[in-house]
$ cat work.pdb   # PDB, C-alpha atoms
ATOM      1  CA  ARG P   3       3.018  16.631   3.872  1.00  0.00           C
ATOM      2  CA  SER P   4       6.168  14.958   2.562  1.00  0.00           C
ATOM      3  CA  ARG P   5       5.269  16.044  -0.974  1.00  0.00           C
ATOM      4  CA  ILE P   6       4.960  19.693   0.125  1.00  0.00           C
ATOM      5  CA  GLN P   7       8.250  19.433   2.031  1.00  0.00           C
ATOM      6  CA  ARG P   8       9.933  18.190  -1.174  1.00  0.00           C
ATOM      7  CA  LEU P   9       8.488  21.167  -3.047  1.00  0.00           C
ATOM      8  CA  ILE P  10       9.801  23.539  -0.371  1.00  0.00           C
ATOM      9  CA  GLY P  11      13.224  21.848  -0.479  1.00  0.00           C
ATOM     10  CA  GLY P  12      13.250  22.218  -4.268  1.00  0.00           C
ATOM     11  CA  SER P  13      12.542  25.979  -3.974  1.00  0.00           C
ATOM     12  CA  LEU P  14       9.113  25.500  -5.559  1.00  0.00           C
ATOM     13  CA  VAL P  15       7.350  27.263  -2.674  1.00  0.00           C
ATOM     14  CA  LEU P  16       7.967  30.998  -2.515  1.00  0.00           C
ATOM     15  CA  VAL P  17       6.845  33.279   0.304  1.00  0.00           C
ATOM     16  CA  ASN P  18       6.788  36.948  -0.668  1.00  0.00           C
ATOM     17  CA  GLY P  19       8.802  36.017  -3.764  1.00  0.00           C
ATOM     18  CA  SER P  20      11.619  34.266  -1.863  1.00  0.00           C
ATOM     19  CA  SER P  21      12.486  30.642  -1.179  1.00  0.00           C
ATOM     20  CA  VAL P  22      12.039  29.682   2.491  1.00  0.00           C
ATOM     21  CA  SER P  23      12.861  26.695   4.685  1.00  0.00           C
ATOM     22  CA  LYS P  24      10.185  24.238   5.768  1.00  0.00           C
ATOM     23  CA  HIS P  25      10.457  25.738   9.265  1.00  0.00           C
ATOM     24  CA  TYR P  26       9.434  29.241   8.156  1.00  0.00           C
ATOM     25  CA  ARG P  27       6.432  30.550  10.108  1.00  0.00           C
ATOM     26  CA  LEU P  28       3.879  32.372   8.000  1.00  0.00           C
ATOM     27  CA  SER P  29       2.725  35.840   9.006  1.00  0.00           C
ATOM     28  CA  ALA P  30      -0.528  37.609   8.203  1.00  0.00           C
ATOM     29  CA  GLY P  31      -0.328  39.108   4.730  1.00  0.00           C
ATOM     30  CA  ASP P  32       2.381  36.731   3.410  1.00  0.00           C
ATOM     31  CA  SER P  33       2.003  35.886  -0.270  1.00  0.00           C
ATOM     32  CA  ILE P  34       2.542  32.194  -1.065  1.00  0.00           C
ATOM     33  CA  ARG P  35       3.240  30.795  -4.532  1.00  0.00           C
ATOM     34  CA  VAL P  36       3.476  27.007  -5.044  1.00  0.00           C
ATOM     35  CA  SER P  37       4.785  25.457  -8.273  1.00  0.00           C
ATOM     36  CA  GLY P  38       5.047  21.795  -9.167  1.00  0.00           C
ATOM     37  CA  LEU P  39       1.736  20.577  -7.719  1.00  0.00           C
ATOM     38  CA  GLU P  40       0.580  19.559 -11.169  1.00  0.00           C
ATOM     39  CA  LYS P  41       3.582  17.249 -11.582  1.00  0.00           C
ATOM     40  CA  ALA P  42       3.672  13.699 -10.277  1.00  0.00           C
ATOM     41  CA  SER P  43       5.352  13.254  -6.919  1.00  0.00           C
ATOM     42  CA  GLY P  44       8.191  11.192  -8.336  1.00  0.00           C
ATOM     43  CA  GLN P  45       6.200   7.998  -8.767  1.00  0.00           C
ATOM     44  CA  ALA P  46       4.803   6.619 -11.992  1.00  0.00           C
ATOM     45  CA  SER P  47       1.110   7.149 -12.602  1.00  0.00           C
ATOM     46  CA  ILE P  48      -0.993   4.919 -10.384  1.00  0.00           C
ATOM     47  CA  GLU P  49      -2.939   2.405 -12.461  1.00  0.00           C
ATOM     48  CA  PRO P  50      -6.489   1.343 -11.594  1.00  0.00           C
ATOM     49  CA  GLU P  51      -6.698  -2.415 -10.910  1.00  0.00           C
ATOM     50  CA  ALA P  52      -9.758  -4.688 -10.886  1.00  0.00           C
ATOM     51  CA  ILE P  53      -9.316  -5.850  -7.296  1.00  0.00           C
ATOM     52  CA  ASP P  54     -12.431  -6.964  -5.400  1.00  0.00           C
ATOM     53  CA  LEU P  55     -13.441  -4.583  -2.623  1.00  0.00           C
ATOM     54  CA  ASP P  56     -15.853  -5.119   0.255  1.00  0.00           C
ATOM     55  CA  ILE P  57     -17.736  -1.800   0.100  1.00  0.00           C
ATOM     56  CA  VAL P  58     -19.647  -1.515   3.390  1.00  0.00           C
ATOM     57  CA  TYR P  59     -21.178   1.927   2.753  1.00  0.00           C
ATOM     58  CA  GLU P  60     -21.187   4.463  -0.073  1.00  0.00           C
ATOM     59  CA  ASP P  61     -22.743   7.844  -0.810  1.00  0.00           C
ATOM     60  CA  GLU P  62     -21.800  10.825  -2.992  1.00  0.00           C
ATOM     61  CA  ASN P  63     -19.057  11.935  -0.546  1.00  0.00           C
ATOM     62  CA  ILE P  64     -17.456   8.823   0.945  1.00  0.00           C
ATOM     63  CA  ALA P  65     -16.983   5.096   0.605  1.00  0.00           C
ATOM     64  CA  VAL P  66     -16.319   2.854   3.599  1.00  0.00           C
ATOM     65  CA  ILE P  67     -14.202  -0.146   2.669  1.00  0.00           C
ATOM     66  CA  SER P  68     -13.546  -3.267   4.735  1.00  0.00           C
ATOM     67  CA  LYS P  69      -9.809  -3.716   4.087  1.00  0.00           C
ATOM     68  CA  GLU P  70      -8.408  -7.228   4.297  1.00  0.00           C
ATOM     69  CA  ALA P  71      -5.224  -8.000   6.213  1.00  0.00           C
ATOM     70  CA  GLY P  72      -2.302  -8.272   3.802  1.00  0.00           C
ATOM     71  CA  MET P  73      -3.377  -5.388   1.548  1.00  0.00           C
ATOM     72  CA  VAL P  74      -1.217  -2.261   1.485  1.00  0.00           C
ATOM     73  CA  THR P  75      -3.293   0.926   1.729  1.00  0.00           C
ATOM     74  CA  HIS P  76      -1.406   3.101  -0.767  1.00  0.00           C
ATOM     75  CA  PRO P  77       1.595   2.770  -3.118  1.00  0.00           C
ATOM     76  CA  ALA P  78       5.028   3.387  -1.643  1.00  0.00           C
ATOM     77  CA  SER P  79       8.524   2.168  -2.395  1.00  0.00           C
ATOM     78  CA  GLY P  80       8.375  -1.591  -2.837  1.00  0.00           C
ATOM     79  CA  ASN P  81       4.571  -1.617  -3.242  1.00  0.00           C
ATOM     80  CA  THR P  82       3.497   0.184  -6.396  1.00  0.00           C
ATOM     81  CA  SER P  83       0.587  -2.055  -7.347  1.00  0.00           C
ATOM     82  CA  HIS P  84      -2.132  -4.285  -5.825  1.00  0.00           C
ATOM     83  CA  THR P  85      -2.879  -1.621  -3.186  1.00  0.00           C
ATOM     84  CA  LEU P  86      -6.196  -0.325  -1.928  1.00  0.00           C
ATOM     85  CA  VAL P  87      -5.646   2.888  -3.940  1.00  0.00           C
ATOM     86  CA  ASN P  88      -5.257   0.855  -7.153  1.00  0.00           C
ATOM     87  CA  ALA P  89      -8.597  -0.812  -6.352  1.00  0.00           C
ATOM     88  CA  LEU P  90     -10.303   2.472  -5.419  1.00  0.00           C
ATOM     89  CA  LEU P  91      -9.246   4.064  -8.714  1.00  0.00           C
ATOM     90  CA  TYR P  92     -10.869   1.143 -10.552  1.00  0.00           C
ATOM     91  CA  HIS P  93     -14.140   1.141  -8.580  1.00  0.00           C
ATOM     92  CA  PHE P  94     -14.815   4.892  -8.192  1.00  0.00           C
ATOM     93  CA  ARG P  95     -14.957   7.606 -10.842  1.00  0.00           C
ATOM     94  CA  ASP P  96     -14.345  10.455  -8.385  1.00  0.00           C
ATOM     95  CA  LEU P  97     -11.825  10.387  -5.557  1.00  0.00           C
ATOM     96  CA  SER P  98     -10.161  13.205  -3.650  1.00  0.00           C
ATOM     97  CA  LYS P  99      -6.620  13.961  -4.823  1.00  0.00           C
ATOM     98  CA  LEU P 100      -5.943  16.223  -1.816  1.00  0.00           C
ATOM     99  CA  SER P 101      -3.045  13.976  -0.728  1.00  0.00           C
ATOM    100  CA  GLY P 102      -1.823  13.327  -4.292  1.00  0.00           C
ATOM    101  CA  GLU P 103      -2.688  10.667  -6.863  1.00  0.00           C
ATOM    102  CA  GLU P 104      -0.734   7.967  -5.031  1.00  0.00           C
ATOM    103  CA  ARG P 105      -3.096   8.419  -2.045  1.00  0.00           C
ATOM    104  CA  ALA P 106      -6.300   9.122  -3.987  1.00  0.00           C
ATOM    105  CA  GLY P 107      -9.243   9.118  -1.582  1.00  0.00           C
ATOM    106  CA  ILE P 108      -7.145   8.049   1.397  1.00  0.00           C
ATOM    107  CA  VAL P 109      -8.006  10.005   4.541  1.00  0.00           C
ATOM    108  CA  HIS P 110      -6.380   7.603   7.017  1.00  0.00           C
ATOM    109  CA  ARG P 111      -4.609   4.283   6.661  1.00  0.00           C
ATOM    110  CA  LEU P 112      -4.389   0.849   8.177  1.00  0.00           C
ATOM    111  CA  ASP P 113      -1.156  -1.145   8.307  1.00  0.00           C
ATOM    112  CA  ARG P 114      -0.714  -3.954   5.789  1.00  0.00           C
ATOM    113  CA  ASP P 115      -1.445  -6.708   8.318  1.00  0.00           C
ATOM    114  CA  THR P 116      -4.418  -4.898   9.890  1.00  0.00           C
ATOM    115  CA  SER P 117      -7.949  -5.520   8.664  1.00  0.00           C
ATOM    116  CA  GLY P 118     -10.760  -3.089   9.282  1.00  0.00           C
ATOM    117  CA  LEU P 119     -12.914  -0.266   8.017  1.00  0.00           C
ATOM    118  CA  LEU P 120     -11.282   2.527   6.070  1.00  0.00           C
ATOM    119  CA  ILE P 121     -12.977   5.744   4.875  1.00  0.00           C
ATOM    120  CA  ALA P 122     -12.216   6.971   1.331  1.00  0.00           C
ATOM    121  CA  ALA P 123     -13.137  10.565   0.399  1.00  0.00           C
ATOM    122  CA  LYS P 124     -14.678  11.268  -2.989  1.00  0.00           C
ATOM    123  CA  ASN P 125     -13.987  15.010  -2.975  1.00  0.00           C
ATOM    124  CA  GLU P 126     -11.490  17.460  -1.499  1.00  0.00           C
ATOM    125  CA  ARG P 127     -13.993  19.236   0.790  1.00  0.00           C
ATOM    126  CA  VAL P 128     -15.002  16.020   2.573  1.00  0.00           C
ATOM    127  CA  HIS P 129     -11.366  14.837   2.633  1.00  0.00           C
ATOM    128  CA  TYR P 130     -10.357  18.048   4.390  1.00  0.00           C
ATOM    129  CA  LEU P 131     -13.240  17.792   6.897  1.00  0.00           C
ATOM    130  CA  LEU P 132     -12.487  14.135   7.700  1.00  0.00           C
ATOM    131  CA  SER P 133      -8.743  14.819   8.024  1.00  0.00           C
ATOM    132  CA  ASP P 134      -9.559  17.618  10.450  1.00  0.00           C
ATOM    133  CA  MET P 135     -11.784  15.261  12.471  1.00  0.00           C
ATOM    134  CA  PHE P 136      -8.978  12.684  12.702  1.00  0.00           C
ATOM    135  CA  LYS P 137      -6.488  15.406  13.648  1.00  0.00           C
ATOM    136  CA  ASN P 138      -8.784  16.751  16.380  1.00  0.00           C
ATOM    137  CA  ARG P 139      -9.630  13.220  17.528  1.00  0.00           C
ATOM    138  CA  THR P 140     -13.370  13.667  17.105  1.00  0.00           C
ATOM    139  CA  ILE P 141     -13.487  10.324  15.285  1.00  0.00           C
ATOM    140  CA  LYS P 142     -13.150   7.387  17.655  1.00  0.00           C
ATOM    141  CA  LYS P 143     -11.180   4.380  16.382  1.00  0.00           C
ATOM    142  CA  THR P 144     -11.695   0.970  17.971  1.00  0.00           C
ATOM    143  CA  TYR P 145      -9.356  -1.981  17.382  1.00  0.00           C
ATOM    144  CA  ILE P 146      -9.701  -5.602  18.427  1.00  0.00           C
ATOM    145  CA  ALA P 147      -6.407  -7.491  18.747  1.00  0.00           C
ATOM    146  CA  LEU P 148      -5.350 -10.997  19.684  1.00  0.00           C
ATOM    147  CA  ALA P 149      -2.352 -10.876  22.025  1.00  0.00           C
ATOM    148  CA  GLU P 150      -0.160 -13.548  23.569  1.00  0.00           C
ATOM    149  CA  GLY P 151       0.529 -13.603  27.282  1.00  0.00           C
ATOM    150  CA  VAL P 152      -1.340 -12.635  30.434  1.00  0.00           C
ATOM    151  CA  PHE P 153      -2.374  -9.061  31.175  1.00  0.00           C
ATOM    152  CA  GLU P 154      -1.700  -7.739  34.665  1.00  0.00           C
ATOM    153  CA  GLU P 155      -4.636  -5.322  34.360  1.00  0.00           C
ATOM    154  CA  GLU P 156      -8.097  -5.902  32.893  1.00  0.00           C
ATOM    155  CA  ARG P 157      -8.252  -2.333  31.542  1.00  0.00           C
ATOM    156  CA  GLY P 158      -6.046   0.715  31.390  1.00  0.00           C
ATOM    157  CA  LYS P 159      -4.654   3.626  29.433  1.00  0.00           C
ATOM    158  CA  ILE P 160      -1.369   3.966  27.529  1.00  0.00           C
ATOM    159  CA  ASP P 161      -0.380   7.610  26.960  1.00  0.00           C
ATOM    160  CA  LEU P 162       2.939   7.546  25.089  1.00  0.00           C
ATOM    161  CA  PRO P 163       4.126   9.256  21.881  1.00  0.00           C
ATOM    162  CA  ILE P 164       4.394   7.135  18.732  1.00  0.00           C
ATOM    163  CA  GLY P 165       6.763   7.682  15.811  1.00  0.00           C
ATOM    164  CA  ARG P 166       8.829   5.787  13.251  1.00  0.00           C
ATOM    165  CA  SER P 167      10.961   3.028  14.747  1.00  0.00           C
ATOM    166  CA  ARG P 168      14.666   3.835  14.723  1.00  0.00           C
ATOM    167  CA  ILE P 169      15.400   0.151  14.102  1.00  0.00           C
ATOM    168  CA  ASP P 170      12.911  -0.510  11.282  1.00  0.00           C
ATOM    169  CA  ARG P 171      11.605   2.674   9.581  1.00  0.00           C
ATOM    170  CA  ARG P 172       8.655   0.706   8.157  1.00  0.00           C
ATOM    171  CA  LYS P 173       7.289   0.211  11.677  1.00  0.00           C
ATOM    172  CA  MET P 174       5.971   2.498  14.389  1.00  0.00           C
ATOM    173  CA  SER P 175       7.091   2.404  18.017  1.00  0.00           C
ATOM    174  CA  VAL P 176       7.175   4.492  21.195  1.00  0.00           C
ATOM    175  CA  SER P 177       9.298   7.542  20.395  1.00  0.00           C
ATOM    176  CA  ILE P 178       9.679   9.853  23.370  1.00  0.00           C
ATOM    177  CA  ASP P 179      11.645  12.611  21.600  1.00  0.00           C
ATOM    178  CA  GLU P 180      10.126  12.598  18.072  1.00  0.00           C
ATOM    179  CA  GLY P 181       6.727  10.934  18.400  1.00  0.00           C
ATOM    180  CA  ARG P 182       3.216  12.326  18.282  1.00  0.00           C
ATOM    181  CA  ARG P 183       0.967  11.966  21.279  1.00  0.00           C
ATOM    182  CA  SER P 184      -1.054   8.773  21.235  1.00  0.00           C
ATOM    183  CA  VAL P 185      -3.605   7.741  23.831  1.00  0.00           C
ATOM    184  CA  THR P 186      -4.833   4.144  23.840  1.00  0.00           C
ATOM    185  CA  ARG P 187      -7.472   2.879  26.220  1.00  0.00           C
ATOM    186  CA  PHE P 188      -7.572  -0.908  26.427  1.00  0.00           C
ATOM    187  CA  GLU P 189      -9.836  -3.523  27.915  1.00  0.00           C
ATOM    188  CA  VAL P 190      -9.360  -7.286  27.962  1.00  0.00           C
ATOM    189  CA  ALA P 191     -12.460  -8.722  26.289  1.00  0.00           C
ATOM    190  CA  GLU P 192     -11.657 -12.413  26.720  1.00  0.00           C
ATOM    191  CA  GLN P 193      -8.806 -14.648  27.866  1.00  0.00           C
ATOM    192  CA  PHE P 194      -8.080 -18.140  26.565  1.00  0.00           C
ATOM    193  CA  ARG P 195      -6.302 -20.911  28.414  1.00  0.00           C
ATOM    194  CA  GLN P 196      -2.924 -21.983  27.069  1.00  0.00           C
TER     195      GLN P 196
END
$ encode --input "work.pdb" --output "structure tokens"
Amino acid sequence: RSRIQRLIGGSLVLVNGSSVSKHYRLSAGDSIRVSGLEKASGQASIEPEAIDLDIVYEDENIAVISKEAGMVTHPASGNTSHTLVNALLYHFRDLSKLSGEERAGIVHRLDRDTSGLLIAAKNERVHYLLSDMFKNRTIKKTYIALAEGVFEEERGKIDLPIGRSRIDRRKMSVSIDEGRRSVTRFEVAEQFRQ
């Protein structure tokens, strides 16, 4: 999405032969021409790296990887190597480039310090279908977390929008005015004595 927005801002997306803003609403019959997709998105080419991966499942369309805590999912400023994408490029011949080379195969992500299963798409069709499933929330994600303190409720629901933190842009936080809806149902599995 950010790559396309940069292309629009650079007048590389034309609608009916004219440059438009990223807020332009398409109408039926509009003709769209996009230039610059073949160029890199401003980052150097992503190099495959021989990093061990815990491949939990694999077929001709997807690979399910158990990502370790501490590993960054995809290259970004400050982390251009030793990422999951670098490892995926080494281990798999075909990966979807729907989100660009720097996110090859990545359908969804896990934060650096979060471990868990991550689905990598091997082709654009499956990438699109999985992305749509995440968008429409037909894929259920379950997290287990260790928290400090005492919960007042054994189970509950948090329905608050999440967006980039205004204090630290690398983190996410509740963002009432700019966040996307996020619904979390929680249940205390076990409590330990202090």
$ resolve_selection --input "work.pdb" --expression "the PyMOL selection byres ((chain P and resi 80-83) around 12)" --output "list in words"
Gln45, Ala46, Ser47, Ile48, Glu49, Pro50, Glu51, Ala52, Ile53, Gly72, Met73, Val74, Thr75, His76, Pro77, Ala78, Ser79, His84, Thr85, Leu86, Val87, Asn88, Ala89, Leu90, Leu91, Glu104, Arg105, Arg114 and Arg172 of chain P
$ atom_distance --input "work.pdb" --atom1 "CA of Asp115 in chain P" --atom2 "CA of Arg168 in chain P"
20.3 Å
$ closest_residue --input "work.pdb" --among "P:Ser20, P:Ser68, P:Thr140, P:Asn63" --to "Glu126 in chain P" --atoms "only C-alpha atoms"
P:Asn63
$ closest_residue --input "work.pdb" --among "P:His110, P:Arg171, P:Arg95, P:Arg8" --to "His129 in chain P" --atoms "all atoms listed in the file"
P:His110
$ closest_residue --input "work.pdb" --among "P:Ser117, P:Ser37, P:Ser98, P:Asn18" --to "Ile67 in chain P" --atoms "all atoms listed in the file"
P:Ser117
$ atom_distance --input "work.pdb" --atom1 "CA of Asp54 in chain P" --atom2 "CA of Lys69 in chain P"
10.4 Å
$ closest_residue --input "work.pdb" --among "P:Leu132, P:Ala122, P:Ile108, P:Ala149" --to "Asp61 in chain P" --atoms "only C-alpha atoms"
P:Ala122
$ resolve_selection --input "work.pdb" --expression "the PyMOL selection byres ((chain P and resi 147) around 12)" --output "count of residues only"
16
$ resolve_selection --input "work.pdb" --expression "the PyMOL selection byres ((chain P and resi 179) around 12)" --output "ChimeraX atom specification"
/P:162-168,175-178,180-183
$ closest_residue --input "work.pdb" --among "P:Ile169, P:Leu28, P:Val185, P:Ile64" --to "Ala123 in chain P" --atoms "all atoms listed in the file"
P:Ile64
$ residues_near_point --input "work.pdb" --point "(2.8, 29.8, -2.3)" --cutoff "7 Å" --atoms "only C-alpha atoms" --output "mmCIF file with C-alpha atoms, in the frame of the given file"
data_model
loop_
_atom_site.group_PDB
_atom_site.id
_atom_site.type_symbol
_atom_site.label_atom_id
_atom_site.label_comp_id
_atom_site.auth_asym_id
_atom_site.auth_seq_id
_atom_site.Cartn_x
_atom_site.Cartn_y
_atom_site.Cartn_z
ATOM 1 C CA VAL P 15 7.350 27.263 -2.674
ATOM 2 C CA LEU P 16 7.967 30.998 -2.515
ATOM 3 C CA VAL P 17 6.845 33.279 0.304
ATOM 4 C CA SER P 33 2.003 35.886 -0.270
ATOM 5 C CA ILE P 34 2.542 32.194 -1.065
ATOM 6 C CA ARG P 35 3.240 30.795 -4.532
ATOM 7 C CA VAL P 36 3.476 27.007 -5.044
#
$ atom_distance --input "work.pdb" --atom1 "CA of Leu100 in chain P" --atom2 "CA of Lys24 in chain P"
19.5 Å
$ closest_residue --input "work.pdb" --among "P:Glu156, P:Lys99, P:Asp56, P:Met174" --to "Tyr130 in chain P" --atoms "all atoms listed in the file"
P:Lys99
$ decode --input "work.pdb" --residues "range 174-184 of chain P" --atoms "all heavy atoms" --output "tab-separated table (two decimals), in the first residue's frame"
chain	number	residue	atom	x	y	z
P	174	MET	N	2.61	-0.15	18.03
P	174	MET	CA	1.17	0.04	17.82
P	174	MET	C	0.54	0.34	19.18
P	174	MET	O	1.03	-0.11	20.21
P	174	MET	CB	0.54	-1.22	17.22
P	174	MET	CG	1.19	-1.68	15.93
P	174	MET	SD	1.07	-0.48	14.61
P	174	MET	CE	-0.57	-0.82	14.02
P	175	SER	N	-0.56	1.11	19.15
P	175	SER	CA	-1.27	1.42	20.38
P	175	SER	C	-2.72	1.74	20.05
P	175	SER	O	-3.09	1.84	18.88
P	175	SER	CB	-0.61	2.61	21.10
P	175	SER	OG	-0.77	3.79	20.32
P	176	VAL	N	-3.55	1.94	21.08
P	176	VAL	CA	-4.92	2.35	20.85
P	176	VAL	C	-4.88	3.73	20.20
P	176	VAL	O	-4.17	4.63	20.66
P	176	VAL	CB	-5.71	2.40	22.18
P	176	VAL	CG1	-7.08	3.02	21.97
P	176	VAL	CG2	-5.84	0.99	22.77
P	177	SER	N	-5.62	3.88	19.11
P	177	SER	CA	-5.63	5.13	18.36
P	177	SER	C	-7.07	5.41	17.95
P	177	SER	O	-7.54	4.94	16.91
P	177	SER	CB	-4.72	5.02	17.13
P	177	SER	OG	-4.74	6.21	16.39
P	178	ILE	N	-7.77	6.15	18.77
P	178	ILE	CA	-9.20	6.39	18.58
P	178	ILE	C	-9.49	7.06	17.24
P	178	ILE	O	-10.40	6.66	16.52
P	178	ILE	CB	-9.78	7.24	19.74
P	178	ILE	CG1	-9.58	6.54	21.08
P	178	ILE	CG2	-11.25	7.57	19.49
P	178	ILE	CD1	-10.28	5.20	21.22
P	179	ASP	N	-8.71	8.08	16.86
P	179	ASP	CA	-9.03	8.85	15.65
P	179	ASP	C	-8.44	8.29	14.36
P	179	ASP	O	-8.99	8.51	13.29
P	179	ASP	CB	-8.61	10.31	15.82
P	179	ASP	CG	-7.16	10.47	16.24
P	179	ASP	OD1	-6.56	9.49	16.68
P	179	ASP	OD2	-6.64	11.59	16.12
P	180	GLU	N	-7.33	7.54	14.41
P	180	GLU	CA	-6.70	7.06	13.18
P	180	GLU	C	-6.56	5.54	13.10
P	180	GLU	O	-6.07	5.03	12.10
P	180	GLU	CB	-5.31	7.69	13.04
P	180	GLU	CG	-5.33	9.18	12.87
P	180	GLU	CD	-3.94	9.76	12.74
P	180	GLU	OE1	-2.97	8.99	12.60
P	180	GLU	OE2	-3.82	10.99	12.80
P	181	GLY	N	-6.99	4.83	14.12
P	181	GLY	CA	-6.77	3.39	14.14
P	181	GLY	C	-7.79	2.58	13.36
P	181	GLY	O	-8.85	3.08	12.99
P	182	ARG	N	-7.45	1.32	13.12
P	182	ARG	CA	-8.36	0.38	12.50
P	182	ARG	C	-9.00	-0.46	13.59
P	182	ARG	O	-8.38	-0.76	14.60
P	182	ARG	CB	-7.59	-0.54	11.55
P	182	ARG	CG	-7.16	0.16	10.29
P	182	ARG	CD	-6.07	-0.58	9.58
P	182	ARG	NE	-6.56	-1.59	8.68
P	182	ARG	CZ	-5.75	-2.50	8.13
P	182	ARG	NH1	-4.48	-2.54	8.44
P	182	ARG	NH2	-6.22	-3.38	7.30
P	183	ARG	N	-10.24	-0.83	13.35
P	183	ARG	CA	-10.97	-1.60	14.36
P	183	ARG	C	-10.23	-2.88	14.68
P	183	ARG	O	-9.74	-3.58	13.81
P	183	ARG	CB	-12.37	-1.93	13.86
P	183	ARG	CG	-13.18	-2.63	14.93
P	183	ARG	CD	-14.65	-2.69	14.59
P	183	ARG	NE	-15.37	-3.19	15.76
P	183	ARG	CZ	-16.24	-4.18	15.71
P	183	ARG	NH1	-16.51	-4.76	14.57
P	183	ARG	NH2	-16.85	-4.57	16.81
P	184	SER	N	-10.16	-3.18	15.96
P	184	SER	CA	-9.51	-4.39	16.44
P	184	SER	C	-10.33	-4.95	17.59
P	184	SER	O	-10.61	-4.25	18.54
P	184	SER	CB	-8.09	-4.08	16.91
P	184	SER	OG	-7.49	-5.22	17.46
